[in-house]
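Asks: This structure is in structure tokens; I'll ask about it shortly.
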Amino acid sequence: RRSVEASELERRRWARELHDDSLQELAAVKLRLGALARADPDQLEAAVAQAIQHVDTSIRAMRSLITDMRPAALDQLGVQPALEALVERSGVLSGLDITLETDPRYESGDQAPRLAAAIETTVYRVVQEALTNVVKHANATTVTVRVTEQDGTVDVLVTDDGRGFPVDGTTDGFGLIGMRERIRLAGGRHEIASEPGRGTSVRAVIPAARADGAATAAARTG
């Protein structure tokens, strides 16, 4: 039930993004094109330029949404390049000062093969959801994302200097249901530390299963 609920909340989020951004831009393009038929010939060039600008904005929004849904870098290059692109994009769009510190064993050449696809996806989504919450709710200026792998686990930590909130076990309103379910299904655990005026930290510890289906001995015994 909880997994289905988390899935439905995620679908609701994408639907809202499509409605609030892409659909609104397309509606504006339609209105602009409709106005061209009545435009003064002397103003036609400017009206066409505005319509093209709306189309460009819609294209950028759709590309961003597609990347958020499933970044190509995650499949093709691994979790570290995908996180680097996510942090860069989030920083540009939000104006936040975001620092990324990563130490995945596969990317550094210390461990092969790379992490299992499900684990990489979980790590990416945890960071993505945490950053989304910071942008929407925290009123922060700086964020630190730290992803390290040691002792058979991947440790994900996202901290911000925002306004924080009381952690009383009822944080579903902050979009954390999906995050919790992803971590649980990956066999991991999580914790959230926050209090008003002192920022928030979100941490997940996930078993470092490899792409060949094996996990390290530490992860299996943990």
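Naming works like this for the structure tokens: A, B, ... for the chains as they're shown, residue 1 at the start of each chain, ligands 1 onward in shown order.
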Please return, as an MDAnalysis selection string, all residues of region 39-208 of chain A that DSSP assigns to helix (DSSP H, G or I) on the basis of the backbone.
Replies: chainID A and resid 41:69 72:76 79:94 105:108 117:138 172:174 177:185
Asks: Counting only C-alpha atoms, what are the residues of region 48-157 of chain A within 6 Å of region 188-207 of chain A, and for each of them which pair of atoms is the nearest and at what distance in Å, to one decimal? Sort the table by chain and rising number, as a tab-separated table.
Replies:
```
residue	atom	partner	partner_atom	distance
A:Thr153	CA	A:Pro207	CA	4.4
A:Val154	CA	A:Ile206	CA	5.1
A:Asp155	CA	A:Val205	CA	4.6
A:Val156	CA	A:Ala204	CA	5.1
A:Leu157	CA	A:Arg203	CA	4.4
```
Asks: Give me the residues near Gly95 (chain A) as a PyMOL selection string, where near means some atom within 12 Å (using only C-alpha atoms) and where sequence neighbours in that chain fewer than 5 positions away do not count.
Replies: chain A and resi 87-90+134-135+139-143
Asks: Please produce, as JSON lines, a per-residue contact table for region 65-174 of chain A versus region 178-181 of chain A (criterion: any atom at most 8 Å away, only C-alpha atoms considered), showing the nearest atom pair and its distance in Å to one decimal, sorted by chain then residue number.
Replies:
```
{"residue": "A:Arg125", "atom": "CA", "partner": "A:Met179", "partner_atom": "CA", "distance": 7.3}
{"residue": "A:Val126", "atom": "CA", "partner": "A:Met179", "partner_atom": "CA", "distance": 5.8}
{"residue": "A:Glu129", "atom": "CA", "partner": "A:Met179", "partner_atom": "CA", "distance": 6.8}
```
Asks: Write the selection just made, keeping N, CA, C and O atoms, as a PDB file, in the first residue's frame?
Replies:
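Saved result, out-v8.pdb, follows:
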```
ATOM      1  N   ARG A 125      17.652   9.404  -6.937  1.00  0.00           N
ATOM      2  CA  ARG A 125      16.337   9.918  -6.573  1.00  0.00           C
ATOM      3  C   ARG A 125      16.318  10.510  -5.167  1.00  0.00           C
ATOM      4  O   ARG A 125      15.612  11.483  -4.905  1.00  0.00           O
ATOM      5  N   VAL A 126      17.069   9.922  -4.253  1.00  0.00           N
ATOM      6  CA  VAL A 126      17.134  10.475  -2.900  1.00  0.00           C
ATOM      7  C   VAL A 126      17.705  11.898  -2.948  1.00  0.00           C
ATOM      8  O   VAL A 126      17.161  12.831  -2.341  1.00  0.00           O
ATOM      9  N   GLU A 129      15.113  14.251  -4.740  1.00  0.00           N
ATOM     10  CA  GLU A 129      13.978  14.611  -3.893  1.00  0.00           C
ATOM     11  C   GLU A 129      14.404  15.560  -2.779  1.00  0.00           C
ATOM     12  O   GLU A 129      13.680  16.501  -2.432  1.00  0.00           O
TER      13      GLU A 129
END
```
Asks: For CA of Asp160 (chain A) and CA of Arg184 (chain A), determine how far apart the two atoms are, in Å to one decimal place.
Replies: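 CA of Asp160 (chain A) sits 23.4 Å away from CA of Arg184 (chain A).
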Asks: Might you pull out every residue within 6 Å of region 113-117 of chain A, with only C-alpha atoms counted and same-chain residues fewer than 2 positions away left off, and present them as a list in words?
Replies: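 The filter keeps Tyr106, Ile119, Glu120, Ala209, Arg210 and Ala211 of chain A.
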Asks: Would you mind exporting C-alpha atoms of the selected residues as a compact mmCIF listing (two decimals), in the first residue's frame?
Replies:
```txt
# COMPACT_ATOMS: atom_id res chain seq x y z
CA TYR A 106 33.34 2.26 -9.41
CA ILE A 119 20.88 1.22 -6.25
CA GLU A 120 22.16 3.95 -8.56
CA ALA A 209 24.83 -4.14 -4.38
CA ARG A 210 26.85 -4.44 -7.61
CA ALA A 211 25.55 -4.69 -11.15
```
Asks: For region 19-29 of chain A, work out the shell of residues within 12 Å, counting only C-alpha atoms and skipping chain neighbours fewer than 2 positions away, then give it as a ChimeraX atom specification.
Replies: /A:12-17,31-36,47-66
